[in-house]
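Peer 1: protein21.txt (compact mmCIF, C-alpha atoms) pasted underneath:
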# COMPACT_ATOMS: atom_id res chain seq x y z
CA MET K 1 9.39 45.85 -54.38
CA LEU K 2 7.78 46.88 -51.13
CA ALA K 3 5.33 43.99 -51.39
CA ARG K 4 8.23 41.58 -51.96
CA ALA K 5 10.10 42.91 -48.91
CA ARG K 6 6.94 42.62 -46.83
CA SER K 7 6.49 39.00 -47.90
CA VAL K 8 10.12 38.17 -47.01
CA LEU K 9 9.66 39.83 -43.63
CA LEU K 10 6.45 37.90 -43.04
CA SER K 11 8.18 34.63 -43.91
CA ALA K 12 10.99 35.44 -41.52
CA VAL K 13 8.56 36.25 -38.73
CA LEU K 14 6.63 33.03 -39.39
CA LEU K 15 9.82 30.99 -39.48
CA GLY K 16 10.96 32.64 -36.26
CA ALA K 17 7.63 31.89 -34.65
CA MET K 18 7.83 28.26 -35.76
CA LEU K 19 11.36 27.92 -34.43
CA ALA K 20 10.25 29.42 -31.14
CA VAL K 21 7.44 26.89 -30.85
CA ALA K 22 9.54 24.00 -32.13
CA PRO K 23 10.88 22.87 -28.74
CA LEU K 24 7.32 22.51 -27.46
CA ALA K 25 5.63 20.74 -30.32
CA ALA K 26 6.57 19.06 -33.56
CA PHE K 27 4.38 19.68 -36.58
CA ALA K 28 2.76 17.06 -38.70
CA ALA K 29 2.36 17.60 -42.41
CA ASP K 30 -1.13 19.02 -41.97
CA GLY K 31 0.03 21.51 -39.35
CA VAL K 32 -1.43 19.81 -36.26
CA PRO K 33 1.17 19.89 -33.47
CA PHE K 34 2.24 16.45 -32.24
CA PRO K 35 3.25 16.03 -28.64
CA VAL K 36 6.98 15.70 -28.07
CA VAL K 37 7.39 12.58 -26.01
CA PRO K 38 10.26 12.80 -23.51
CA LYS K 39 13.06 10.27 -23.94
CA ALA K 40 13.20 7.41 -21.50
CA THR K 41 16.22 7.15 -19.21
CA GLY K 42 16.58 3.39 -19.44
CA GLY K 43 17.47 1.22 -22.41
CA GLU K 44 15.11 -0.39 -24.84
CA CYS K 45 11.41 -0.45 -23.99
CA VAL K 46 9.88 -3.73 -22.82
CA GLU K 47 7.79 -3.87 -26.00
CA ASP K 48 8.05 -2.43 -29.47
CA PRO K 49 7.08 1.28 -29.36
CA GLU K 50 4.28 0.71 -31.88
CA VAL K 51 2.81 -2.02 -29.68
CA MET K 52 3.32 0.07 -26.59
CA ARG K 53 1.50 3.08 -28.01
CA ARG K 54 -1.56 1.01 -28.83
CA ASP K 55 -1.65 -1.55 -26.04
CA HIS K 56 0.14 -0.16 -22.97
CA MET K 57 -3.14 0.03 -21.08
CA GLU K 58 -3.85 -3.64 -21.74
CA PHE K 59 -0.43 -4.65 -20.43
CA LEU K 60 -0.93 -2.53 -17.35
CA ARG K 61 -4.41 -3.84 -16.69
CA HIS K 62 -3.29 -7.45 -17.06
CA GLN K 63 -0.32 -6.89 -14.78
CA ARG K 64 -2.38 -5.02 -12.21
CA ASP K 65 -4.77 -7.94 -11.75
CA ASP K 66 -1.94 -10.48 -11.57
CA THR K 67 -0.10 -8.41 -8.98
CA MET K 68 -3.11 -7.44 -6.92
CA ARG K 69 -4.87 -10.80 -6.89
CA GLN K 70 -2.00 -13.28 -7.05
CA GLY K 71 1.02 -11.38 -5.87
CA ILE K 72 2.88 -11.81 -9.18
CA ARG K 73 5.45 -9.05 -9.17
CA THR K 74 7.36 -9.43 -12.40
CA GLU K 75 8.76 -6.12 -13.60
CA ARG K 76 8.22 -6.35 -17.34
CA HIS K 77 4.77 -4.71 -17.46
CA SER K 78 4.68 -3.04 -14.08
CA LEU K 79 3.56 0.57 -13.87
CA LYS K 80 6.41 1.16 -11.44
CA GLY K 81 8.83 0.09 -14.17
CA CYS K 82 7.30 2.58 -16.63
CA ILE K 83 7.48 5.38 -14.08
CA ASP K 84 11.09 4.63 -13.15
CA CYS K 85 12.29 4.58 -16.76
CA HIS K 86 10.20 7.47 -18.09
CA ALA K 87 10.84 9.95 -15.29
CA VAL K 88 11.20 13.53 -16.50
CA ALA K 89 13.37 15.85 -14.42
CA GLY K 90 11.78 19.17 -13.53
CA ASP K 91 13.45 22.54 -12.99
CA ASP K 92 14.61 21.52 -9.53
CA GLY K 93 16.16 18.30 -10.84
CA ARG K 94 13.55 16.14 -9.12
CA PRO K 95 11.32 13.99 -11.29
CA VAL K 96 8.06 15.77 -12.04
CA GLY K 97 4.75 14.33 -10.82
CA ILE K 98 1.48 13.94 -12.68
CA ASP K 99 0.57 17.51 -11.72
CA SER K 100 3.15 18.72 -14.26
CA GLU K 101 2.32 19.00 -17.95
CA GLU K 102 5.78 17.63 -18.70
CA HIS K 103 5.04 14.28 -17.07
CA PHE K 104 5.62 11.46 -19.54
CA CYS K 105 2.07 10.14 -19.34
CA ARG K 106 0.48 13.55 -19.53
CA VAL K 107 2.26 14.65 -22.69
CA CYS K 108 0.22 12.24 -24.79
CA HIS K 109 -2.82 11.93 -22.58
CA ASP K 110 -3.36 15.68 -22.55
CA TYR K 111 -3.01 15.69 -26.32
CA VAL K 112 -5.74 13.09 -26.81
CA ALA K 113 -7.80 14.42 -23.88
CA VAL K 114 -7.87 11.09 -22.05
CA LYS K 115 -7.36 11.27 -18.32
CA PRO K 116 -5.66 8.21 -16.82
CA ASP K 117 -6.80 7.64 -13.25
CA CYS K 118 -3.82 5.48 -12.27
CA PHE K 119 -2.30 8.32 -10.31
CA GLY K 120 -5.20 8.81 -7.97
CA CYS K 121 -3.52 6.00 -6.06
CA HIS K 122 -0.18 5.20 -7.72
CA ALA K 123 2.97 7.23 -7.27
CA SER K 124 3.61 9.22 -10.45
CA ARG K 125 7.35 9.61 -9.92
CA PRO K 126 10.13 7.23 -8.93
CA ASP K 127 10.73 6.83 -5.25
CA GLU K 128 13.52 8.86 -3.74
CA PRO K 129 15.72 7.49 -1.00
CA ASP K 130 14.60 10.10 1.51
CA ALA K 131 10.91 9.92 0.59
CA ALA K 132 9.94 7.75 3.54
CA GLY K 133 11.74 9.98 5.98
CA ARG K 134 10.21 13.10 4.50
CA GLN K 135 6.74 11.66 4.87
CA ALA K 136 7.33 10.49 8.39
CA ALA K 137 8.47 13.97 9.38
CA ARG K 138 5.14 15.49 8.35
CA MET E 1 -4.26 5.58 22.44
CA SER E 2 -5.54 8.98 23.35
CA GLU E 3 -5.76 10.19 19.73
CA ASN E 4 -8.12 7.38 18.90
CA SER E 5 -11.66 8.57 19.40
CA CYS E 6 -12.98 5.07 18.84
CA GLU E 7 -10.96 3.74 21.73
CA ALA E 8 -13.67 3.72 24.38
CA SER E 9 -16.22 1.74 22.39
CA ARG E 10 -13.47 -0.52 21.08
CA ARG E 11 -12.31 -1.34 24.53
CA GLY E 12 -15.77 -2.47 25.52
CA PHE E 13 -16.13 -4.41 22.32
CA LEU E 14 -12.92 -6.29 22.75
CA LYS E 15 -13.29 -6.88 26.44
CA GLY E 16 -14.72 -10.31 25.80
CA ALA E 17 -11.41 -11.27 24.31
CA ALA E 18 -9.49 -10.52 27.46
CA VAL E 19 -11.24 -12.73 29.95
CA ALA E 20 -8.58 -15.33 30.49
CA ALA E 21 -4.93 -14.99 31.36
CA PHE E 22 -2.36 -17.53 30.27
CA ALA E 23 0.89 -18.22 31.98
CA LEU E 24 3.82 -17.62 29.65
CA ALA E 25 6.94 -19.72 29.55
CA PRO E 26 9.64 -17.59 31.20
CA GLY E 27 12.49 -16.25 29.08
CA VAL E 28 10.77 -16.90 25.78
CA MET E 29 11.58 -14.16 23.30
CA LEU E 30 9.50 -13.62 20.20
CA VAL E 31 11.65 -12.39 17.35
CA ALA E 32 11.00 -11.79 13.69
CA GLY E 33 11.95 -14.84 11.71
CA PRO E 34 12.76 -14.75 8.01
CA ALA E 35 9.88 -15.35 5.66
CA PRO E 36 10.83 -17.58 2.72
CA ALA E 37 11.00 -15.57 -0.50
CA ARG E 38 8.78 -16.45 -3.44
CA PRO E 39 10.02 -15.83 -7.00
CA PRO E 40 8.27 -12.78 -8.54
CA HIS E 41 6.53 -14.81 -11.25
CA VAL E 42 5.06 -17.38 -8.87
CA PRO E 43 1.54 -16.69 -7.57
CA ALA E 44 0.78 -16.70 -3.85
CA ARG E 45 0.26 -20.26 -2.70
CA GLU E 46 -2.72 -21.74 -0.90
CA THR E 47 -0.39 -24.00 1.01
CA GLN E 48 0.82 -20.97 2.95
CA ARG E 49 -1.05 -18.92 5.46
CA TRP E 50 0.67 -15.84 6.73
CA GLY E 51 0.03 -15.02 10.34
CA LEU E 52 1.15 -12.81 13.18
CA LEU E 53 1.57 -13.71 16.81
CA VAL E 54 1.65 -10.93 19.39
CA ASP E 55 2.99 -11.57 22.86
CA THR E 56 0.90 -9.21 24.96
CA THR E 57 3.15 -9.71 27.97
CA ARG E 58 5.98 -8.01 26.09
CA CYS E 59 3.98 -5.25 24.42
CA THR E 60 4.08 -2.16 26.63
CA GLN E 61 1.85 0.87 26.95
CA ASP E 62 4.38 3.50 25.96
CA CYS E 63 6.02 1.76 22.99
CA THR E 64 4.81 2.89 19.58
CA ALA E 65 7.52 1.33 17.42
CA CYS E 66 5.01 -0.68 15.35
CA LEU E 67 2.76 2.33 14.81
CA SER E 68 5.57 4.56 13.58
CA ALA E 69 6.96 1.84 11.35
CA CYS E 70 3.54 1.24 9.81
CA ARG E 71 3.03 4.94 9.10
CA THR E 72 6.49 5.33 7.62
CA GLU E 73 6.36 2.21 5.46
CA ASN E 74 2.90 2.88 4.10
CA ARG E 75 3.23 6.68 4.29
CA LEU E 76 0.08 7.16 6.28
CA HIS E 77 0.59 10.78 7.09
CA SER E 78 -1.94 12.63 9.18
CA PHE E 79 -4.14 15.47 8.00
CA ASN E 80 -4.61 16.44 11.65
CA ARG E 81 -8.14 15.11 11.50
CA PRO E 82 -8.11 12.16 13.91
CA GLN E 83 -11.73 11.27 13.11
CA THR E 84 -10.92 10.49 9.49
CA ASP E 85 -7.16 9.95 9.33
CA PRO E 86 -6.47 6.44 8.03
CA GLN E 87 -5.29 4.09 10.73
CA TRP E 88 -4.06 0.66 9.76
CA LEU E 89 -2.70 -0.28 13.15
CA ARG E 90 -3.70 0.91 16.59
CA LYS E 91 -2.55 0.20 20.09
CA VAL E 92 -5.43 -1.01 22.20
CA HIS E 93 -5.32 -1.07 25.99
CA LEU E 94 -7.42 -3.72 27.68
CA ARG E 95 -8.29 -3.93 31.34
CA ASN E 96 -10.10 -6.81 32.92
CA GLU E 97 -12.30 -5.08 35.47
CA SER E 98 -12.73 -8.12 37.66
CA THR E 99 -9.02 -8.87 38.02
CA GLY E 100 -7.46 -5.52 37.11
CA ALA E 101 -5.15 -7.24 34.62
CA GLU E 102 -4.05 -4.88 31.86
CA HIS E 103 -2.83 -5.67 28.39
CA HIS E 104 -1.55 -3.51 25.60
CA LEU E 105 -1.69 -4.84 22.12
CA PRO E 106 -1.46 -3.75 18.51
CA VAL E 107 -4.68 -4.41 16.62
CA MET E 108 -4.77 -4.35 12.86
CA CYS E 109 -6.62 -6.24 10.15
CA GLN E 110 -6.80 -9.74 11.60
CA HIS E 111 -6.59 -11.38 8.16
CA CYS E 112 -9.49 -13.72 8.86
CA ALA E 113 -9.85 -17.04 7.09
CA GLU E 114 -13.58 -16.22 6.88
CA PRO E 115 -13.46 -12.46 6.44
CA PRO E 116 -16.81 -10.65 6.86
CA CYS E 117 -15.47 -7.75 4.77
CA VAL E 118 -15.20 -10.09 1.80
CA ASP E 119 -18.69 -11.46 2.37
CA VAL E 120 -20.32 -8.04 2.21
CA CYS E 121 -18.30 -6.43 -0.57
CA PRO E 122 -20.69 -5.75 -3.48
CA THR E 123 -17.97 -5.51 -6.14
CA GLY E 124 -15.46 -8.17 -5.15
CA ALA E 125 -12.87 -5.53 -4.32
CA SER E 126 -12.42 -6.93 -0.83
CA PHE E 127 -10.77 -10.30 -1.21
CA LYS E 128 -8.55 -12.85 0.43
CA ARG E 129 -5.39 -13.83 -1.34
CA ALA E 130 -4.49 -17.51 -1.65
CA ASP E 131 -1.97 -17.17 1.18
CA GLY E 132 -4.53 -15.71 3.57
CA ILE E 133 -3.76 -12.00 3.27
CA VAL E 134 -6.98 -9.96 3.12
CA LEU E 135 -6.72 -6.99 0.78
CA VAL E 136 -8.75 -4.29 -0.96
CA ASP E 137 -8.45 -4.12 -4.74
CA ARG E 138 -8.70 -0.37 -5.15
CA HIS E 139 -9.19 -0.75 -8.88
CA ILE E 140 -12.71 -1.95 -8.26
CA CYS E 141 -13.46 -0.55 -4.78
CA ILE E 142 -16.36 1.90 -5.04
CA GLY E 143 -15.90 3.28 -1.55
CA CYS E 144 -19.26 2.08 -0.20
CA ARG E 145 -17.68 1.19 3.16
CA TYR E 146 -19.86 -1.87 3.82
CA CYS E 147 -16.68 -3.70 4.74
CA MET E 148 -15.87 -1.11 7.36
CA MET E 149 -19.22 -1.78 8.99
CA ALA E 150 -18.83 -5.53 8.71
CA CYS E 151 -15.37 -5.70 10.26
CA PRO E 152 -15.67 -6.55 13.97
CA TYR E 153 -12.16 -5.24 14.60
CA LYS E 154 -12.72 -1.79 13.13
CA ALA E 155 -9.58 -2.42 11.14
CA ARG E 156 -10.43 -0.54 7.95
CA SER E 157 -10.18 3.12 7.06
CA PHE E 158 -11.66 5.20 4.29
CA VAL E 159 -9.44 7.69 2.51
CA HIS E 160 -11.15 11.06 2.54
CA GLU E 161 -8.38 13.21 1.14
CA PRO E 162 -6.33 13.26 -2.06
CA ILE E 163 -2.99 11.58 -1.48
CA THR E 164 0.31 12.33 -3.16
CA ASP E 165 3.84 10.94 -2.83
CA GLN E 166 2.76 7.40 -2.08
CA ASN E 167 5.22 4.59 -1.63
CA PRO E 168 5.36 3.18 -5.20
CA GLU E 169 4.83 -0.24 -3.69
CA VAL E 170 1.84 0.86 -1.63
CA PRO E 171 -0.63 2.61 -3.91
CA ARG E 172 -3.45 4.33 -2.01
CA GLY E 173 -5.84 7.10 -2.81
CA LYS E 174 -8.99 9.03 -2.11
CA GLY E 175 -12.34 7.29 -2.28
CA CYS E 176 -11.22 3.78 -1.38
CA VAL E 177 -11.24 1.70 1.74
CA GLU E 178 -7.91 0.39 2.97
CA ALA E 179 -6.41 -1.56 5.82
CA CYS E 180 -3.29 -3.34 6.96
CA THR E 181 -1.95 -5.36 4.02
CA LEU E 182 0.38 -7.33 6.27
CA CYS E 183 2.97 -5.38 4.25
CA VAL E 184 2.22 -7.71 1.34
CA HIS E 185 4.83 -5.94 -0.82
CA ARG E 186 7.51 -6.83 1.71
CA VAL E 187 6.22 -10.33 2.35
CA ASP E 188 6.30 -11.03 -1.39
CA ARG E 189 10.01 -10.34 -1.47
CA GLY E 190 10.69 -12.42 1.60
CA GLU E 191 10.74 -9.75 4.29
CA VAL E 192 8.63 -9.44 7.41
CA PRO E 193 6.02 -6.68 7.88
CA ALA E 194 7.39 -3.29 8.91
CA CYS E 195 5.71 -3.43 12.34
CA VAL E 196 7.31 -6.78 13.11
CA GLU E 197 10.73 -5.56 12.06
CA ALA E 198 10.38 -2.43 14.20
CA CYS E 199 9.09 -4.39 17.18
CA ALA E 200 12.11 -6.67 17.02
CA GLY E 201 14.47 -3.73 16.42
CA ASN E 202 13.56 -0.86 18.71
CA GLY E 203 10.43 -2.30 20.29
CA ASN E 204 10.02 -5.15 22.73
CA GLY E 205 10.25 -8.12 20.38
CA ALA E 206 6.58 -8.92 20.92
CA MET E 207 5.63 -9.79 17.35
CA LEU E 208 6.29 -12.93 15.38
CA PHE E 209 5.48 -13.29 11.69
CA GLY E 210 5.40 -16.49 9.70
CA ASP E 211 3.53 -19.22 7.91
CA LEU E 212 0.87 -20.76 10.16
CA ASN E 213 0.55 -23.69 7.77
CA ASP E 214 4.22 -24.64 7.93
CA PRO E 215 4.55 -26.95 10.94
CA ASP E 216 8.26 -26.17 11.14
CA SER E 217 7.84 -22.40 11.27
CA GLU E 218 8.43 -20.61 14.56
CA ILE E 219 4.92 -19.16 14.60
CA ALA E 220 3.26 -22.54 14.01
CA ARG E 221 5.38 -24.04 16.79
CA ARG E 222 4.41 -21.29 19.21
CA VAL E 223 0.74 -21.54 18.36
CA ARG E 224 0.99 -25.28 18.93
CA GLN E 225 2.85 -25.04 22.22
CA VAL E 226 1.54 -21.91 23.90
CA GLY E 227 -2.04 -20.89 24.58
CA THR E 228 -2.96 -18.22 22.08
CA ARG E 229 -6.14 -16.27 21.58
CA GLN E 230 -7.95 -14.76 18.66
CA LEU E 231 -9.85 -11.55 19.21
CA ARG E 232 -13.57 -12.29 19.24
CA GLU E 233 -13.02 -16.02 18.91
CA ASP E 234 -16.77 -16.40 19.35
CA LEU E 235 -17.29 -15.11 15.81
CA GLY E 236 -15.44 -18.09 14.37
CA LEU E 237 -13.52 -16.03 11.81
CA ASN E 238 -10.24 -17.94 12.28
CA THR E 239 -7.97 -14.92 12.35
CA GLY E 240 -4.41 -14.92 11.05
CA VAL E 241 -3.37 -12.56 13.86
CA ARG E 242 -3.09 -14.28 17.21
CA TYR E 243 -2.36 -13.04 20.71
CA GLU E 244 -0.71 -14.80 23.59
CA GLY E 245 -0.45 -13.93 27.25
CA MET E 246 -3.95 -12.59 27.80
Here is a file; write its structure as structure tokens.

Peer 2:
Amino acid sequence: MLARARSVLLSAVLLGAMLAVAPLAAFAADGVPFPVVPKATGGECVEDPEVMRRDHMEFLRHQRDDTMRQGIRTERHSLKGCIDCHAVAGDDGRPVGIDSEEHFCRVCHDYVAVKPDCFGCHASRPDEPDAAGRQAAR
Amino acid sequence: MSENSCEASRRGFLKGAAVAAFALAPGVMLVAGPAPARPPHVPARETQRWGLLVDTTRCTQDCTACLSACRTENRLHSFNRPQTDPQWLRKVHLRNESTGAEHHLPVMCQHCAEPPCVDVCPTGASFKRADGIVLVDRHICIGCRYCMMACPYKARSFVHEPITDQNPEVPRGKGCVEACTLCVHRVDRGEVPACVEACAGNGNGAMLFGDLNDPDSEIARRVRQVGTRQLREDLGLNTGVRYEGM
């Protein structure tokens, strides 16, 4: 009887622990936590999510060369477009930058331990109307 | 500019450019004209060549409208280290010692047709776009700074510090060389560079931006009608930035 009660208690504690962790990570069948990808603020993605997951870097690389070398500034595969649509609001309501673990890109990239170096130069959050003024005041 | 430690050597270097004075037609005002917009999917065209014309008789010593506009637009904030702070645009003061004539002019990347920075770049990061704008592709810049040594105008800067909160349209970061882009992101949507806009707005209307290859453009007309100079013409670089009145 005691053993049965202990097992019920243990299950409850485990369930509780899982529920507590649930908002942070979803669990795959084999128990490895999957990253929870934040929802985008815009409508449908520019490509099918399956394609995007596998090939987003190719789209970005192609677009980067077209924009840099030829001045082609279509928005479909622009990094700026990704950043605008996938902004994640932080505690202060402002979009978080790449220094936050909640940043859209970091959620997956941290998980697979691949560090994108886009944000050494590129802005990692959408521009804010007062951004220019704030910088100028520095 | 007093904050520019390179000023003294620069002045000597550029002195050769200030030997002759040209009479300027009275009452002529240089204003920023509209640049024709190009659809986003269309590549930059070789038929165009973007250029800048600076009227040195209008540019004054105390005005820094172009400098502030450049810093704001491209978010070139200072780290209070003048030796290494990036500087895309500087005001240079020239004095002809034999005549005493003084000129004040903004000097930035001169967007040469034959850019030495492109010649020396070992990776191809430094390049000239079809429409004449000379840029650094930071994706392949290795930060060797050969281009900085090759540039006779000392127009390029190296970024020594990590940078955050960039203008999304002006990516820039540590470890790369950078320079005036002629505000290529603005030009591509049909606007004039920030310095030109500021000069026409709260400056002295000394800068004119346009297509040097379009015979009907205001800048091409001025270059045709008025005597203009290139800095260090002797180098034969065919600069896109021209100066008149000196």

Peer 1: Using all atoms listed in the file, can you tell me which of E:Cys121, E:Gly245, E:Cys59, E:Ile163 comes closest to His93 (chain E)?

Peer 2: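 Distance minimum relative to His93 (chain E) lands on E:Cys59.
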
Peer 1: In the coordinate frame of the file, compute which residues have an atom within 7 Å of (-9.9, -4.1, -10.1) when using all atoms listed in the file, and state them as an NGL selection string.

Peer 2: (:K and (65)) or (:E and (125 or 137-140))

Peer 1: Set out as a Markdown table a contact list for chain E and chain K with a cut-off of 10 Å, giving each residue of chain E that qualifies its closest atom pair and distance in Å to one decimal, counting only C-alpha atoms, ordered by chain and rising residue number.

Peer 2:
| residue | atom | partner | partner_atom | distance |
| --- | --- | --- | --- | --- |
| E:Arg38 | CA | K:Ile72 | CA | 9.4 |
| E:Pro39 | CA | K:Arg73 | CA | 8.5 |
| E:Pro40 | CA | K:Arg73 | CA | 4.7 |
| E:His41 | CA | K:Ile72 | CA | 5.2 |
| E:Val42 | CA | K:Ile72 | CA | 6.0 |
| E:Pro43 | CA | K:Gln70 | CA | 4.9 |
| E:Ala44 | CA | K:Gln70 | CA | 5.4 |
| E:Arg45 | CA | K:Gln70 | CA | 8.5 |
| E:Ser68 | CA | K:Ala136 | CA | 8.1 |
| E:Ala69 | CA | K:Ala136 | CA | 9.1 |
| E:Arg71 | CA | K:Ala136 | CA | 7.1 |
| E:Thr72 | CA | K:Ala136 | CA | 5.3 |
| E:Glu73 | CA | K:Ala132 | CA | 6.9 |
| E:Asn74 | CA | K:Ala132 | CA | 8.6 |
| E:Arg75 | CA | K:Gln135 | CA | 6.1 |
| E:Leu76 | CA | K:Gln135 | CA | 8.2 |
| E:His77 | CA | K:Gln135 | CA | 6.6 |
| E:Ser78 | CA | K:Arg138 | CA | 7.7 |
| E:Phe79 | CA | K:Arg138 | CA | 9.3 |
| E:Ala125 | CA | K:Arg69 | CA | 9.9 |
| E:Phe127 | CA | K:Arg69 | CA | 8.2 |
| E:Lys128 | CA | K:Arg69 | CA | 8.4 |
| E:Arg129 | CA | K:Arg69 | CA | 6.3 |
| E:Ala130 | CA | K:Gln70 | CA | 7.3 |
| E:Asp131 | CA | K:Gln70 | CA | 9.1 |
| E:Leu135 | CA | K:Met68 | CA | 8.5 |
| E:Val136 | CA | K:Met68 | CA | 8.8 |
| E:Asp137 | CA | K:Met68 | CA | 6.7 |
| E:Arg138 | CA | K:Cys121 | CA | 8.3 |
| E:His139 | CA | K:Arg64 | CA | 8.7 |
| E:Pro162 | CA | K:Gly120 | CA | 7.5 |
| E:Ile163 | CA | K:Cys121 | CA | 7.2 |
| E:Thr164 | CA | K:Ala123 | CA | 7.1 |
| E:Asp165 | CA | K:Ala123 | CA | 5.9 |
| E:Gln166 | CA | K:Ala123 | CA | 5.2 |
| E:Asn167 | CA | K:Ala123 | CA | 6.6 |
| E:Pro168 | CA | K:Ala123 | CA | 5.1 |
| E:Glu169 | CA | K:Lys80 | CA | 8.0 |
| E:Val170 | CA | K:His122 | CA | 7.7 |
| E:Pro171 | CA | K:His122 | CA | 4.6 |
| E:Arg172 | CA | K:Cys121 | CA | 4.4 |
| E:Gly173 | CA | K:Cys121 | CA | 4.1 |
| E:Lys174 | CA | K:Gly120 | CA | 7.0 |
| E:Gly175 | CA | K:Gly120 | CA | 9.3 |
| E:Cys176 | CA | K:Cys121 | CA | 9.3 |
| E:Val184 | CA | K:Gly71 | CA | 8.2 |
| E:His185 | CA | K:Gly71 | CA | 8.3 |
| E:Val187 | CA | K:Gly71 | CA | 9.8 |
| E:Asp188 | CA | K:Gly71 | CA | 6.9 |
| E:Arg189 | CA | K:Arg73 | CA | 9.0 |

Peer 1: I need the residues from that last selection saved to file as a CSV table (one decimal), keeping the file's coordinate frame (with C-alpha atoms), if you can.

Peer 2:
chain,number,residue,atom,x,y,z
E,38,ARG,CA,8.8,-16.4,-3.4
E,39,PRO,CA,10.0,-15.8,-7.0
E,40,PRO,CA,8.3,-12.8,-8.5
E,41,HIS,CA,6.5,-14.8,-11.2
E,42,VAL,CA,5.1,-17.4,-8.9
E,43,PRO,CA,1.5,-16.7,-7.6
E,44,ALA,CA,0.8,-16.7,-3.8
E,45,ARG,CA,0.3,-20.3,-2.7
E,68,SER,CA,5.6,4.6,13.6
E,69,ALA,CA,7.0,1.8,11.4
E,71,ARG,CA,3.0,4.9,9.1
E,72,THR,CA,6.5,5.3,7.6
E,73,GLU,CA,6.4,2.2,5.5
E,74,ASN,CA,2.9,2.9,4.1
E,75,ARG,CA,3.2,6.7,4.3
E,76,LEU,CA,0.1,7.2,6.3
E,77,HIS,CA,0.6,10.8,7.1
E,78,SER,CA,-1.9,12.6,9.2
E,79,PHE,CA,-4.1,15.5,8.0
E,125,ALA,CA,-12.9,-5.5,-4.3
E,127,PHE,CA,-10.8,-10.3,-1.2
E,128,LYS,CA,-8.6,-12.8,0.4
E,129,ARG,CA,-5.4,-13.8,-1.3
E,130,ALA,CA,-4.5,-17.5,-1.6
E,131,ASP,CA,-2.0,-17.2,1.2
E,135,LEU,CA,-6.7,-7.0,0.8
E,136,VAL,CA,-8.8,-4.3,-1.0
E,137,ASP,CA,-8.4,-4.1,-4.7
E,138,ARG,CA,-8.7,-0.4,-5.2
E,139,HIS,CA,-9.2,-0.8,-8.9
E,162,PRO,CA,-6.3,13.3,-2.1
E,163,ILE,CA,-3.0,11.6,-1.5
E,164,THR,CA,0.3,12.3,-3.2
E,165,ASP,CA,3.8,10.9,-2.8
E,166,GLN,CA,2.8,7.4,-2.1
E,167,ASN,CA,5.2,4.6,-1.6
E,168,PRO,CA,5.4,3.2,-5.2
E,169,GLU,CA,4.8,-0.2,-3.7
E,170,VAL,CA,1.8,0.9,-1.6
E,171,PRO,CA,-0.6,2.6,-3.9
E,172,ARG,CA,-3.4,4.3,-2.0
E,173,GLY,CA,-5.8,7.1,-2.8
E,174,LYS,CA,-9.0,9.0,-2.1
E,175,GLY,CA,-12.3,7.3,-2.3
E,176,CYS,CA,-11.2,3.8,-1.4
E,184,VAL,CA,2.2,-7.7,1.3
E,185,HIS,CA,4.8,-5.9,-0.8
E,187,VAL,CA,6.2,-10.3,2.4
E,188,ASP,CA,6.3,-11.0,-1.4
E,189,ARG,CA,10.0,-10.3,-1.5

Peer 1: If I take CA of Gly42 (chain K) and CA of Ala89 (chain K), how far is one from the other in Å, to one decimal?

Peer 2: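 Separation between CA of Gly42 (chain K) and CA of Ala89 (chain K): 13.8 Å.
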
Peer 1: Have a look at K:Gly31, K:Pro49, K:Gly43, K:Pro38 and name the one nearest to Phe104 (chain K); count all atoms listed in the file.

Peer 2: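 Once distances to Phe104 (chain K) are computed over all atoms listed in the file, the minimum belongs to K:Pro38.
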
Peer 1: Interatomic distance between CA of Pro35 (chain K) and CA of Asp99 (chain K)?

Peer 2: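 Atom-to-atom, CA of Pro35 (chain K) to CA of Asp99 (chain K), that is 17.2 Å.
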
Peer 1: Find the distance between CA of Thr57 (chain E) and CA of Gly203 (chain E) and write it in Å to one decimal.

Peer 2: 12.9 Å

Peer 1: Rank nothing, just name the residue among E:Ala206, E:Val241, E:Ala113, E:Leu182 nearest to Thr60 (chain E), using all atoms listed in the file.

Peer 2: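 Looking at the shortest contact to Thr60 (chain E), the residue is E:Ala206.
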